[in-house]
Structures are given as C-alpha cells and as structure tokens.
Amino acid sequence: MAKIRKCKLNWQPSQSAQVAGYRLYWSSGNRLSYDSDFIVLGMVNEVYLPDILMEIPYTKKPVMLGITSVDVHGNESDITTLAEPYFLTAPPAPVDFSIESLDDYELVETTENEASNQLDTLFEEDTIWEPNREKEPPAGS
C-alpha cells in the first residue's frame with residue numbers, strides 16, 4: 001500500500017441557470033474526448049483526488065482529466081482539461097532495509113526531562129518490544 005498526496009480539483013461554476021451538473025472525464029492515455037470514461041459529479045465545483053478516482057482502475061500511466069458542464073437537456077460544454085496529467089502512482093519502496101550493530105558506542109545524556117517523560121507515557125512497558133521476551137498473559141486469564 002502506498003500513500004498518494006491528496007489534491008483538490010476546483011473550477012468556476014458555469015453561469016448558465018440550465019446547468020444540472022458536471023462530468024469529470026478521465027483517460028489513462030494522452031488523449032481525452034467525449035468517448036473517454038467519466039464520473040458524474042452533480043452540482044459541485046470541487047472534488048478531491050484520489051478519493052473521487054476510486055472508480056478508476058489503478059494504472060501506472062498518467063491520468064488525463066477534464067471537466068464539462070451538463071445542462072438539463074443533456075447537452076455538454078467543451079471539455080476543459082488540466083494542463084498536467086495526474087499521477088496515481090508512488091515511487092517504488094526502498095529495499096534491503098536492515099540494521100547492523102557496530103563495535104563503536106555513543107554516550108548519551110540520560111537525565112530525566114519532559115520530553116523523555118512524554119515518551120515514557122506513550123510507550124509503556126508492555127508495548128516495548130524486546131528480543132526473546134514473551135509477553136505474560138493478562139491477570140485473570
């Protein structure tokens with residue numbers, strides 16, 4: 001699972017009183033037309049990516065996006081497209097992540113301070129992992 005930055009698509013609503021909603025067209029290629037797949041948005045003038053794109057199959061290709069106004073008769077405006085494609089992909093994860101013990105040591109200050117007290121509260125003894133330590137069952141089990 002990857003993490004994709006959220007973005008907001010927004011546009012100025014059509015000035016026509018006949019507009020019944022908007023369509024967001026998308027294509028995982030470099031061409032966008034009325035034959036492209038679309039999502040019916042209704043009477044909104046902003047949506048969030050990638051949330052609204054859950055209907056789009058995952059693709060590593062850039063996604064072209066365009067918006068149209070649709071009137072009460074089903075007529076559509078020209079498609080207004082984004083200047084840049086949207087990317088649903090994250091970079092590949094690092095590999096061979098490991099830790100290695102060294103022969104050197106570092107001296108660290110061990111005095112009590114507010115920050116360490118806060119950490120102690122966050123990480124109580126039963127949540128700290130120690131190698132080869134088995135957790136005892138809760139009392140009354």
# chains A, B, ... in the order shown; residues from 1 in each chain; ligands from 1
call {"tool": "residues_around", "arguments": {"residues": "segment 90-104 of chain A", "least_positions_apart": "5", "cutoff": "7 Å", "atoms": "only C-alpha atoms", "output": "number ranges by chain"}}
result
A: 2-4
call {"tool": "residues_around", "arguments": {"residues": "Arg5 of chain A", "least_positions_apart": "5", "cutoff": "12 Å", "atoms": "only C-alpha atoms", "output": "list in words"}}
result
Tyr48, Leu49, Pro50, Asp51, Tyr86, Phe87, Leu88, Thr89 and Ala90 of chain A
call {"tool": "closest_residue", "arguments": {"among": "A:Glu76, A:Glu46, A:Glu106, A:Asp35", "to": "Cys7 of chain A", "atoms": "only C-alpha atoms"}}
result
A:Glu46
call {"tool": "residues_around", "arguments": {"residues": "Gly42 of chain A", "least_positions_apart": "2", "cutoff": "6 Å", "atoms": "only C-alpha atoms", "output": "PDB file with C-alpha atoms, in the first residue's frame"}}
result
ATOM      1  CA  GLY A  21     -24.208  19.177 -13.024  1.00  0.00           C
ATOM      2  CA  TYR A  22     -20.682  18.334 -14.146  1.00  0.00           C
ATOM      3  CA  VAL A  44     -20.410  20.647  -7.112  1.00  0.00           C
TER       4      VAL A  44
END
call {"tool": "decode", "arguments": {"residues": "segment 1-123 of chain A", "atoms": "C-alpha atoms", "output": "compact mmCIF listing (two decimals), in the first residue's frame"}}
result
# COMPACT_ATOMS: atom_id res chain seq x y z
CA MET A 1 0.00 0.00 0.00
CA ALA A 2 1.33 3.42 -0.91
CA LYS A 3 0.46 6.95 0.14
CA ILE A 4 -0.70 9.38 -2.57
CA ARG A 5 -0.91 13.11 -1.87
CA LYS A 6 -4.46 14.44 -1.83
CA CYS A 7 -5.30 17.19 -4.27
CA LYS A 8 -8.38 19.31 -4.78
CA LEU A 9 -9.82 19.86 -8.25
CA ASN A 10 -11.91 23.00 -8.38
CA TRP A 11 -13.47 25.14 -11.08
CA GLN A 12 -15.69 28.17 -11.50
CA PRO A 13 -19.29 27.00 -11.92
CA SER A 14 -20.99 27.64 -15.24
CA GLN A 15 -23.03 30.85 -15.29
CA SER A 16 -25.95 29.12 -17.04
CA ALA A 17 -29.10 28.51 -14.98
CA GLN A 18 -29.66 25.43 -17.17
CA VAL A 19 -26.62 23.56 -15.80
CA ALA A 20 -27.68 20.40 -13.96
CA GLY A 21 -24.21 19.18 -13.02
CA TYR A 22 -20.68 18.33 -14.15
CA ARG A 23 -18.81 15.36 -15.55
CA LEU A 24 -15.20 14.55 -14.83
CA TYR A 25 -13.66 12.81 -17.85
CA TRP A 26 -10.54 10.72 -17.47
CA SER A 27 -8.18 8.73 -19.63
CA SER A 28 -5.07 6.74 -18.73
CA GLY A 29 -3.51 7.70 -22.03
CA ASN A 30 -2.56 11.01 -23.55
CA ARG A 31 -5.90 11.69 -25.24
CA LEU A 32 -9.17 12.87 -23.68
CA SER A 33 -12.50 13.09 -25.53
CA TYR A 34 -16.26 12.69 -25.05
CA ASP A 35 -15.66 8.98 -25.71
CA SER A 36 -13.41 8.76 -22.62
CA ASP A 37 -14.71 7.35 -19.35
CA PHE A 38 -16.33 9.84 -17.00
CA ILE A 39 -17.69 10.25 -13.49
CA VAL A 40 -20.96 12.14 -12.91
CA LEU A 41 -20.28 14.75 -10.24
CA GLY A 42 -23.58 16.58 -9.79
CA MET A 43 -23.82 20.23 -8.74
CA VAL A 44 -20.41 20.65 -7.11
CA ASN A 45 -17.44 22.78 -8.06
CA GLU A 46 -14.71 20.87 -6.26
CA VAL A 47 -13.69 17.25 -5.71
CA TYR A 48 -10.74 15.58 -4.04
CA LEU A 49 -8.19 13.30 -5.65
CA PRO A 50 -7.59 10.42 -5.36
CA ASP A 51 -10.93 9.98 -3.47
CA ILE A 52 -13.15 10.66 -6.49
CA LEU A 53 -10.99 8.40 -8.65
CA MET A 54 -11.77 5.21 -6.72
CA GLU A 55 -13.89 4.20 -9.73
CA ILE A 56 -10.80 4.35 -11.94
CA PRO A 57 -8.76 1.15 -12.20
CA TYR A 58 -5.24 1.52 -10.79
CA THR A 59 -2.81 2.50 -13.51
CA LYS A 60 0.86 3.42 -13.61
CA LYS A 61 0.18 5.69 -16.58
CA PRO A 62 -0.53 9.40 -16.12
CA VAL A 63 -4.25 10.16 -15.95
CA MET A 64 -5.61 12.96 -18.11
CA LEU A 65 -8.55 14.81 -16.51
CA GLY A 66 -11.18 17.11 -17.97
CA ILE A 67 -14.43 18.67 -16.77
CA THR A 68 -17.66 19.56 -18.61
CA SER A 69 -20.91 21.30 -17.69
CA VAL A 70 -24.08 19.33 -18.45
CA ASP A 71 -27.41 21.13 -18.85
CA VAL A 72 -30.92 19.90 -18.07
CA HIS A 73 -31.29 18.67 -21.67
CA GLY A 74 -28.10 16.55 -21.51
CA ASN A 75 -26.04 18.94 -23.65
CA GLU A 76 -22.38 19.28 -22.67
CA SER A 77 -19.90 22.12 -22.79
CA ASP A 78 -16.43 21.87 -24.25
CA ILE A 79 -14.05 19.77 -22.15
CA THR A 80 -11.73 21.87 -20.01
CA THR A 81 -8.59 19.83 -19.35
CA LEU A 82 -5.85 20.11 -16.78
CA ALA A 83 -2.56 21.36 -18.15
CA GLU A 84 -0.69 18.48 -16.47
CA PRO A 85 -1.68 14.83 -16.04
CA TYR A 86 -2.44 13.40 -12.60
CA PHE A 87 -0.32 10.53 -11.28
CA LEU A 88 -1.87 7.76 -9.17
CA THR A 89 1.48 6.12 -8.57
CA ALA A 90 4.00 6.34 -5.78
CA PRO A 91 7.71 5.70 -6.18
CA PRO A 92 9.00 2.18 -5.56
CA ALA A 93 9.73 1.38 -1.92
CA PRO A 94 13.33 1.11 -0.73
CA VAL A 95 14.65 -2.45 -0.50
CA ASP A 96 17.13 -4.33 1.70
CA PHE A 97 16.33 -2.22 4.78
CA SER A 98 18.35 -3.54 7.73
CA ILE A 99 20.14 -2.62 10.91
CA GLU A 100 23.70 -3.55 11.77
CA SER A 101 25.36 -3.43 15.20
CA LEU A 102 28.75 -1.73 15.26
CA ASP A 103 31.63 -2.08 17.70
CA ASP A 104 31.52 1.65 18.50
CA TYR A 105 29.40 3.21 21.25
CA GLU A 106 27.91 6.67 21.68
CA LEU A 107 27.48 8.33 25.07
CA VAL A 108 24.02 9.80 25.54
CA GLU A 109 22.59 12.05 28.23
CA THR A 110 20.25 10.08 30.48
CA THR A 111 18.86 12.81 32.75
CA GLU A 112 15.10 12.99 33.14
CA ASN A 113 13.40 15.70 31.14
CA GLU A 114 9.87 16.49 29.98
CA ALA A 115 10.36 15.02 26.50
CA SER A 116 11.53 11.65 27.82
CA ASN A 117 8.66 11.60 30.35
CA GLN A 118 6.22 12.12 27.47
CA LEU A 119 7.84 9.28 25.54
CA ASP A 120 7.65 7.02 28.60
CA THR A 121 3.92 7.75 28.79
CA LEU A 122 3.42 6.95 25.11
CA PHE A 123 5.45 3.75 25.20
